[in-house]
Amino acid sequence: IEADAEKVDVMKMFKEKDVAKKVFPVFIYTKGTQTAYILPTYGNGLWDAVSGFVALDKDMNTIKGVSFAHKGETPGLGARITDKPVRERFIGKQIFDADGTLQGVTFQKGEKKDYTGKPHQVDGLAGASMTTNGVNDMLTAYFKSYEPYFKKEMATKAAPVVQTEKIETAPLTSDSTVVLSDSTGALVADSTISEPLTH
């Protein structure tokens, strides 16, 4: 399927029942030697929808940052998913284990526990288990959907180069779009951008 990642309606795709029609956009942010893969996500919180963006490092494994939003979570409880200190708990966590098996990253029950050295676990939010469960379900579903894309990209990067040839190309711009792929729960639209995303 060919699609413009910037035009994909993530909420509509979340509600789409036909798996063959689902589209999962990936934004690739580059600045100098830095690269980040940005994944839009969407799910259900306690009272209404939750959504977010997850930025993975160039290894397509380590989380560089997350941004969450909600429509109706409880102030001081579930609504804290938008707070910077909470979002920072995800930085440095990894979605794959050492064997390359997808593990994801999830909020744990309770709060003020030390998860240093535990790459797939994040300190939870006291009194907001339903919201954190919603975020966990959202992240688990989207990481699984994006997994075929990451595995394919990792394999491509790891493949030995047999022959190289210099090819002249035009510089990428913010609306540059690369085709992606399949309709069985993988990625579909991949847009390379040169400026930070805003939402």
# chains A, B, ... in the order shown; residues from 1 in each chain; ligands from 1
>>> select_by_dssp(residues="range 50-128 of chain A", states="strand (DSSP E or B)", output="ChimeraX atom specification")
/A:50-56,62-70,94,96,102,106-107,121-122
>>> write_last_selection(atoms="N, CA and C atoms", output="mmCIF file, in the first residue's frame")
data_model
loop_
_atom_site.group_PDB
_atom_site.id
_atom_site.type_symbol
_atom_site.label_atom_id
_atom_site.label_comp_id
_atom_site.auth_asym_id
_atom_site.auth_seq_id
_atom_site.Cartn_x
_atom_site.Cartn_y
_atom_site.Cartn_z
ATOM 1 N N VAL A 50 -6.823 7.726 24.761
ATOM 2 C CA VAL A 50 -5.462 8.170 25.034
ATOM 3 C C VAL A 50 -4.686 7.999 23.730
ATOM 4 N N SER A 51 -3.666 8.798 23.566
ATOM 5 C CA SER A 51 -2.863 8.714 22.350
ATOM 6 C C SER A 51 -1.443 9.130 22.676
ATOM 7 N N GLY A 52 -0.566 9.036 21.693
ATOM 8 C CA GLY A 52 0.799 9.443 21.978
ATOM 9 C C GLY A 52 1.743 9.224 20.812
ATOM 10 N N PHE A 53 2.984 9.585 21.052
ATOM 11 C CA PHE A 53 4.070 9.349 20.113
ATOM 12 C C PHE A 53 5.209 8.705 20.895
ATOM 13 N N VAL A 54 5.840 7.712 20.291
ATOM 14 C CA VAL A 54 7.018 7.084 20.875
ATOM 15 C C VAL A 54 8.175 7.281 19.902
ATOM 16 N N ALA A 55 9.277 7.851 20.395
ATOM 17 C CA ALA A 55 10.452 8.068 19.555
ATOM 18 C C ALA A 55 11.509 7.030 19.916
ATOM 19 N N LEU A 56 11.906 6.239 18.925
ATOM 20 C CA LEU A 56 12.944 5.237 19.118
ATOM 21 C C LEU A 56 14.250 5.720 18.510
ATOM 22 N N THR A 62 15.751 1.396 21.442
ATOM 23 C CA THR A 62 15.836 2.218 22.643
ATOM 24 C C THR A 62 14.935 3.448 22.542
ATOM 25 N N ILE A 63 14.127 3.667 23.574
ATOM 26 C CA ILE A 63 13.209 4.811 23.572
ATOM 27 C C ILE A 63 13.969 6.101 23.885
ATOM 28 N N LYS A 64 13.819 7.073 22.998
ATOM 29 C CA LYS A 64 14.424 8.388 23.204
ATOM 30 C C LYS A 64 13.472 9.340 23.914
ATOM 31 N N GLY A 65 12.183 9.081 23.771
ATOM 32 C CA GLY A 65 11.200 9.935 24.421
ATOM 33 C C GLY A 65 9.793 9.495 24.064
ATOM 34 N N VAL A 66 8.836 9.915 24.875
ATOM 35 C CA VAL A 66 7.418 9.644 24.599
ATOM 36 C C VAL A 66 6.624 10.914 24.866
ATOM 37 N N SER A 67 5.472 10.990 24.247
ATOM 38 C CA SER A 67 4.545 12.088 24.483
ATOM 39 C C SER A 67 3.146 11.489 24.520
ATOM 40 N N PHE A 68 2.424 11.722 25.598
ATOM 41 C CA PHE A 68 1.077 11.175 25.728
ATOM 42 C C PHE A 68 0.035 12.291 25.804
ATOM 43 N N ALA A 69 -1.175 11.979 25.367
ATOM 44 C CA ALA A 69 -2.292 12.909 25.451
ATOM 45 C C ALA A 69 -3.533 12.117 25.855
ATOM 46 N N HIS A 70 -4.516 12.805 26.394
ATOM 47 C CA HIS A 70 -5.751 12.132 26.793
ATOM 48 C C HIS A 70 -6.917 13.108 26.640
ATOM 49 N N GLN A 94 13.893 -0.253 26.529
ATOM 50 C CA GLN A 94 14.023 -0.938 25.241
ATOM 51 C C GLN A 94 12.814 -1.824 24.960
ATOM 52 N N PHE A 96 12.909 -4.427 22.617
ATOM 53 C CA PHE A 96 13.352 -5.793 22.325
ATOM 54 C C PHE A 96 14.329 -6.248 23.405
ATOM 55 N N LEU A 102 10.477 -9.277 20.919
ATOM 56 C CA LEU A 102 9.715 -8.100 21.326
ATOM 57 C C LEU A 102 9.172 -8.276 22.741
ATOM 58 N N THR A 106 6.220 -1.367 29.677
ATOM 59 C CA THR A 106 4.940 -1.183 30.344
ATOM 60 C C THR A 106 5.069 -0.524 31.719
ATOM 61 N N PHE A 107 4.056 0.286 32.041
ATOM 62 C CA PHE A 107 3.918 0.805 33.389
ATOM 63 C C PHE A 107 3.710 -0.377 34.339
ATOM 64 N N GLN A 121 10.412 -2.233 31.978
ATOM 65 C CA GLN A 121 9.467 -1.860 33.032
ATOM 66 C C GLN A 121 9.630 -0.390 33.416
ATOM 67 N N VAL A 122 8.478 0.268 33.620
ATOM 68 C CA VAL A 122 8.450 1.686 33.974
ATOM 69 C C VAL A 122 7.646 1.846 35.264
#
>>> atom_distance(atom1="CA of Lys112 in chain A", atom2="CA of Gly124 in chain A")
7.7 Å
>>> residues_around(residues="range 9-15 of chain A", least_positions_apart="6", cutoff="9 Å", atoms="only C-alpha atoms", output="mmCIF file with C-alpha atoms, in the first residue's frame")
data_model
loop_
_atom_site.group_PDB
_atom_site.id
_atom_site.type_symbol
_atom_site.label_atom_id
_atom_site.label_comp_id
_atom_site.auth_asym_id
_atom_site.auth_seq_id
_atom_site.Cartn_x
_atom_site.Cartn_y
_atom_site.Cartn_z
ATOM 1 C CA LYS A 21 -7.067 -1.706 5.605
ATOM 2 C CA LYS A 22 -5.064 -0.661 8.651
ATOM 3 C CA VAL A 23 -2.179 1.730 8.026
ATOM 4 C CA PHE A 24 0.600 2.370 10.552
ATOM 5 C CA PRO A 25 2.671 5.501 9.832
ATOM 6 C CA PRO A 40 1.993 7.513 16.551
ATOM 7 C CA THR A 41 -0.206 5.464 18.909
ATOM 8 C CA TYR A 42 -3.878 5.481 19.920
ATOM 9 C CA GLY A 43 -5.916 3.612 22.509
ATOM 10 C CA SER A 51 -2.863 8.714 22.350
#
>>> atom_distance(atom1="CA of Trp47 in chain A", atom2="CA of Lys113 in chain A")
26.3 Å
>>> select_by_dssp(residues="range 67-131 of chain A", states="alpha helix (DSSP H)", output="VMD selection string")
chain A and resid 84 to 87 129 to 131
>>> write_last_selection(atoms="all heavy atoms", output="PDB file, in the first residue's frame")
ATOM      1  N   LYS A  84       5.873  15.702  32.457  1.00  0.00           N
ATOM      2  CA  LYS A  84       7.244  15.446  32.015  1.00  0.00           C
ATOM      3  C   LYS A  84       7.971  14.408  32.864  1.00  0.00           C
ATOM      4  O   LYS A  84       8.607  13.496  32.317  1.00  0.00           O
ATOM      5  CB  LYS A  84       8.028  16.756  31.984  1.00  0.00           C
ATOM      6  CG  LYS A  84       9.453  16.601  31.449  1.00  0.00           C
ATOM      7  CD  LYS A  84      10.162  17.937  31.380  1.00  0.00           C
ATOM      8  CE  LYS A  84      11.588  17.752  30.850  1.00  0.00           C
ATOM      9  NZ  LYS A  84      12.324  19.047  30.804  1.00  0.00           N
ATOM     10  N   PRO A  85       7.918  14.480  34.201  1.00  0.00           N
ATOM     11  CA  PRO A  85       8.617  13.472  35.007  1.00  0.00           C
ATOM     12  C   PRO A  85       8.133  12.045  34.738  1.00  0.00           C
ATOM     13  O   PRO A  85       8.916  11.098  34.820  1.00  0.00           O
ATOM     14  CB  PRO A  85       8.310  13.898  36.450  1.00  0.00           C
ATOM     15  CG  PRO A  85       8.023  15.354  36.366  1.00  0.00           C
ATOM     16  CD  PRO A  85       7.301  15.525  35.061  1.00  0.00           C
ATOM     17  N   VAL A  86       6.852  11.902  34.421  1.00  0.00           N
ATOM     18  CA  VAL A  86       6.306  10.576  34.108  1.00  0.00           C
ATOM     19  C   VAL A  86       6.801  10.122  32.736  1.00  0.00           C
ATOM     20  O   VAL A  86       7.235   8.978  32.560  1.00  0.00           O
ATOM     21  CB  VAL A  86       4.762  10.592  34.157  1.00  0.00           C
ATOM     22  CG1 VAL A  86       4.194   9.258  33.678  1.00  0.00           C
ATOM     23  CG2 VAL A  86       4.290  10.891  35.576  1.00  0.00           C
ATOM     24  N   ARG A  87       6.763  11.015  31.785  1.00  0.00           N
ATOM     25  CA  ARG A  87       7.214  10.665  30.436  1.00  0.00           C
ATOM     26  C   ARG A  87       8.701  10.312  30.421  1.00  0.00           C
ATOM     27  O   ARG A  87       9.136   9.440  29.664  1.00  0.00           O
ATOM     28  CB  ARG A  87       6.934  11.818  29.474  1.00  0.00           C
ATOM     29  CG  ARG A  87       5.440  12.050  29.236  1.00  0.00           C
ATOM     30  CD  ARG A  87       5.166  13.119  28.200  1.00  0.00           C
ATOM     31  NE  ARG A  87       5.344  14.463  28.725  1.00  0.00           N
ATOM     32  CZ  ARG A  87       6.317  15.287  28.379  1.00  0.00           C
ATOM     33  NH1 ARG A  87       7.231  14.900  27.506  1.00  0.00           N
ATOM     34  NH2 ARG A  87       6.394  16.501  28.900  1.00  0.00           N
ATOM     35  N   SER A 129      -4.399   2.953  37.929  1.00  0.00           N
ATOM     36  CA  SER A 129      -4.110   1.675  37.272  1.00  0.00           C
ATOM     37  C   SER A 129      -4.896   1.481  35.977  1.00  0.00           C
ATOM     38  O   SER A 129      -4.389   0.900  35.021  1.00  0.00           O
ATOM     39  CB  SER A 129      -4.379   0.506  38.224  1.00  0.00           C
ATOM     40  OG  SER A 129      -5.727   0.508  38.651  1.00  0.00           O
ATOM     41  N   MET A 130      -6.123   1.985  35.905  1.00  0.00           N
ATOM     42  CA  MET A 130      -6.910   1.811  34.685  1.00  0.00           C
ATOM     43  C   MET A 130      -6.316   2.615  33.526  1.00  0.00           C
ATOM     44  O   MET A 130      -6.286   2.148  32.381  1.00  0.00           O
ATOM     45  CB  MET A 130      -8.367   2.221  34.923  1.00  0.00           C
ATOM     46  CG  MET A 130      -9.097   1.327  35.910  1.00  0.00           C
ATOM     47  SD  MET A 130      -9.187  -0.398  35.359  1.00  0.00           S
ATOM     48  CE  MET A 130     -10.332  -0.246  33.993  1.00  0.00           C
ATOM     49  N   THR A 131      -5.835   3.805  33.825  1.00  0.00           N
ATOM     50  CA  THR A 131      -5.210   4.616  32.776  1.00  0.00           C
ATOM     51  C   THR A 131      -3.906   3.988  32.319  1.00  0.00           C
ATOM     52  O   THR A 131      -3.646   3.880  31.116  1.00  0.00           O
ATOM     53  CB  THR A 131      -4.947   6.050  33.276  1.00  0.00           C
ATOM     54  OG1 THR A 131      -6.184   6.642  33.656  1.00  0.00           O
ATOM     55  CG2 THR A 131      -4.310   6.889  32.182  1.00  0.00           C
TER      56      THR A 131
END
